[in-house]
Amino acid sequence: MIINKSLFLSHVDVRGPDECWLWELACDKNGYGLFTVRIKGQWRKRNSHRVAYIIANGTISNRVCVLHTCDNPPCCNPNHLFKGTHQDNMLDRDRKGRSGSAKLREADVREIFTLYNMGNWTYEELRVRYGLFNEESIGRIIRRKTWRHVPI
Ligand SMILES: [Zn+2]
């Protein structure tokens with residue numbers, strides 16, 4: 001697999017070693033980032049957290065999954081990534097009680113309002129930042145359809 005590392009890193013919001021480093025471009029339906037790499041002469045899309053793991057640790061088998069300790073699909077911080085089998089992936093999801101959609105905390109919801117009210121964040125940008133399924137989830141928060149109990 002040929003990875004353009006500087007291009008890859010230019011799309012990651014690199015922060016402190018313990019923080020989540022969010023992917024800034026397109027994500028798949030589960031909120032995982034997508035990046036194009038070259039495999040045997042062909043352009044292929046791969047999940048960005050997987051690419052981040054490979055850049056940090058070297059090549060891994062196709063049968064191996066890369067999982068998040070932070071449960072934040074768009075996160076590309078290698079310190080938050082670990083290797084597991086597909087079965088580990090399923091168990092991990094069960095244990096965390098989720099299947100693809102990120103969990104927000106109240107602090108995130110307040111931050112979403114702050115950023116949105118500053119006027120320079122779109123629903124899509126907010127969705128990517130918080131690793132959510134779709135823009136509609138942001139719209140529902142802004143219109144106070146969900147998370148209504150959180151004071152803003
Ligand atoms: Zn993370």
# chains A, B, ... in the order shown; residues from 1 in each chain; ligands from 1

call {"tool": "closest_atom_pairs", "arguments": {"of": "region 5-73 of chain A", "to": "region 111-124 of chain A", "cutoff": "12 Å", "atoms": "only C-alpha atoms", "output": "JSON lines"}}
result
{"residue": "A:Glu24", "atom": "CA", "partner": "A:Glu124", "partner_atom": "CA", "distance": 10.5}
{"residue": "A:Leu25", "atom": "CA", "partner": "A:Glu124", "partner_atom": "CA", "distance": 10.2}
{"residue": "A:Ala26", "atom": "CA", "partner": "A:Glu124", "partner_atom": "CA", "distance": 9.7}
{"residue": "A:Cys27", "atom": "CA", "partner": "A:Glu124", "partner_atom": "CA", "distance": 10.6}
{"residue": "A:Gly31", "atom": "CA", "partner": "A:Glu124", "partner_atom": "CA", "distance": 11.7}

call {"tool": "select_by_dssp", "arguments": {"residues": "chain A", "states": "alpha helix (DSSP H)", "output": "PyMOL selection string"}}
result
chain A and resi 5-10+48-57+86-96+106-118+123-129+135-142

call {"tool": "residues_near_ligand", "arguments": {"ligand": "ligand 1", "cutoff": "6 Å", "atoms": "only C-alpha atoms and all ligand atoms", "output": "VMD selection string"}}
result
chain A and resid 20 70 72 75 77 80

call {"tool": "select_by_dssp", "arguments": {"residues": "chain A", "states": "strand (DSSP E or B)", "output": "list in words"}}
result
Ile2, Val12, Asp13, Leu22, Trp23, Cys27, Gly33, Leu34, Phe35, Thr36, Val37, Arg38, Ile39, Gln42, Trp43, Arg44, Lys45, Arg46, Asn47, Cys65, Val66, Leu67, His68, Cys75, Leu81, Phe82, Lys83 and Gly84 of chain A

call {"tool": "write_last_selection", "arguments": {"atoms": "C-alpha atoms", "output": "mmCIF file, in the first residue's frame"}}
result
data_model
loop_
_atom_site.group_PDB
_atom_site.id
_atom_site.type_symbol
_atom_site.label_atom_id
_atom_site.label_comp_id
_atom_site.auth_asym_id
_atom_site.auth_seq_id
_atom_site.Cartn_x
_atom_site.Cartn_y
_atom_site.Cartn_z
ATOM 1 C CA ILE A 2 1.380 3.406 -0.997
ATOM 2 C CA VAL A 12 -5.936 15.359 10.293
ATOM 3 C CA ASP A 13 -6.503 17.886 13.071
ATOM 4 C CA LEU A 22 -10.194 14.223 13.995
ATOM 5 C CA TRP A 23 -10.330 13.464 10.294
ATOM 6 C CA CYS A 27 -16.442 9.905 6.305
ATOM 7 C CA GLY A 33 -12.808 8.836 7.729
ATOM 8 C CA LEU A 34 -11.983 7.870 4.142
ATOM 9 C CA PHE A 35 -8.613 8.326 2.430
ATOM 10 C CA THR A 36 -7.448 7.158 -0.993
ATOM 11 C CA VAL A 37 -4.307 5.022 -1.145
ATOM 12 C CA ARG A 38 -2.611 3.149 -3.985
ATOM 13 C CA ILE A 39 -2.644 -0.667 -3.802
ATOM 14 C CA GLN A 42 -5.083 0.857 -8.158
ATOM 15 C CA TRP A 43 -6.590 3.754 -6.191
ATOM 16 C CA ARG A 44 -8.577 2.420 -3.235
ATOM 17 C CA LYS A 45 -10.452 4.059 -0.383
ATOM 18 C CA ARG A 46 -9.361 2.999 3.085
ATOM 19 C CA ASN A 47 -10.577 4.108 6.513
ATOM 20 C CA CYS A 65 -9.168 -4.566 12.244
ATOM 21 C CA VAL A 66 -7.990 -1.305 13.761
ATOM 22 C CA LEU A 67 -10.109 -0.291 16.762
ATOM 23 C CA HIS A 68 -10.455 2.900 18.824
ATOM 24 C CA CYS A 75 -10.151 9.897 15.357
ATOM 25 C CA LEU A 81 -5.772 2.926 18.017
ATOM 26 C CA PHE A 82 -5.163 -0.756 18.569
ATOM 27 C CA LYS A 83 -5.224 -3.894 16.484
ATOM 28 C CA GLY A 84 -7.899 -6.589 16.804
#

call {"tool": "residues_around", "arguments": {"residues": "Asn79 (chain A)", "least_positions_apart": "4", "cutoff": "9 Å", "atoms": "only C-alpha atoms", "output": "number ranges by chain"}}
result
A: 17-19, 53, 69

call {"tool": "write_last_selection", "arguments": {"atoms": "C-alpha atoms", "output": "compact mmCIF listing (two decimals), in the first residue's frame"}}
result
# COMPACT_ATOMS: atom_id res chain seq x y z
CA PRO A 17 -0.85 13.18 22.44
CA ASP A 18 -3.92 12.27 24.54
CA GLU A 19 -6.53 14.16 22.53
CA TYR A 53 -2.29 3.08 12.35
CA THR A 69 -9.89 3.11 22.58

call {"tool": "closest_residue", "arguments": {"among": "A:Arg143, A:Cys76, A:Tyr32, A:Arg63", "to": "Ser10 (chain A)", "atoms": "only C-alpha atoms"}}
result
A:Cys76

call {"tool": "closest_residue", "arguments": {"among": "A:Lys40, A:Arg15, A:Lys29, A:Arg50", "to": "Arg127 (chain A)", "atoms": "only C-alpha atoms"}}
result
A:Lys29

call {"tool": "residues_around", "arguments": {"residues": "Ile55 (chain A)", "least_positions_apart": "6", "cutoff": "9 Å", "atoms": "only C-alpha atoms", "output": "ChimeraX atom specification"}}
result
/A:3,5,78

call {"tool": "write_last_selection", "arguments": {"atoms": "all heavy atoms", "output": "mmCIF file, in the first residue's frame"}}
result
data_model
loop_
_atom_site.group_PDB
_atom_site.id
_atom_site.type_symbol
_atom_site.label_atom_id
_atom_site.label_comp_id
_atom_site.auth_asym_id
_atom_site.auth_seq_id
_atom_site.Cartn_x
_atom_site.Cartn_y
_atom_site.Cartn_z
ATOM 1 N N ILE A 3 1.038 5.167 0.624
ATOM 2 C CA ILE A 3 0.300 6.219 1.317
ATOM 3 C C ILE A 3 1.048 7.541 1.162
ATOM 4 O O ILE A 3 2.243 7.594 1.444
ATOM 5 C CB ILE A 3 0.174 5.884 2.825
ATOM 6 C CG1 ILE A 3 -0.571 4.561 3.034
ATOM 7 C CG2 ILE A 3 -0.520 7.028 3.572
ATOM 8 C CD1 ILE A 3 -0.479 4.010 4.446
ATOM 9 N N LYS A 5 1.867 10.321 2.885
ATOM 10 C CA LYS A 5 1.768 10.646 4.316
ATOM 11 C C LYS A 5 1.520 12.123 4.572
ATOM 12 O O LYS A 5 0.731 12.478 5.443
ATOM 13 C CB LYS A 5 3.065 10.240 5.034
ATOM 14 C CG LYS A 5 3.183 8.742 5.209
ATOM 15 C CD LYS A 5 4.452 8.396 5.946
ATOM 16 C CE LYS A 5 4.819 6.948 5.638
ATOM 17 N NZ LYS A 5 6.126 6.573 6.157
ATOM 18 N N PRO A 78 -2.763 7.848 16.643
ATOM 19 C CA PRO A 78 -2.271 6.465 16.781
ATOM 20 C C PRO A 78 -2.298 5.971 18.230
ATOM 21 O O PRO A 78 -2.406 4.767 18.473
ATOM 22 C CB PRO A 78 -0.824 6.533 16.259
ATOM 23 C CG PRO A 78 -0.723 7.803 15.500
ATOM 24 C CD PRO A 78 -1.779 8.744 16.022
#

call {"tool": "closest_atom_pairs", "arguments": {"of": "region 55-141 of chain A", "to": "region 145-149 of chain A", "cutoff": "9 Å", "atoms": "only C-alpha atoms", "output": "CSV"}}
result
residue,atom,partner,partner_atom,distance
A:Glu106,CA,A:Trp147,CA,8.0
A:Val109,CA,A:Trp147,CA,7.5
A:Ser137,CA,A:Thr146,CA,8.4
A:Gly139,CA,A:Lys145,CA,8.5
A:Arg140,CA,A:Lys145,CA,5.0
A:Ile141,CA,A:Thr146,CA,5.2

call {"tool": "atom_distance", "arguments": {"atom1": "CA of Asn30 (chain A)", "atom2": "CA of Asn134 (chain A)"}}
result
9.2 Å
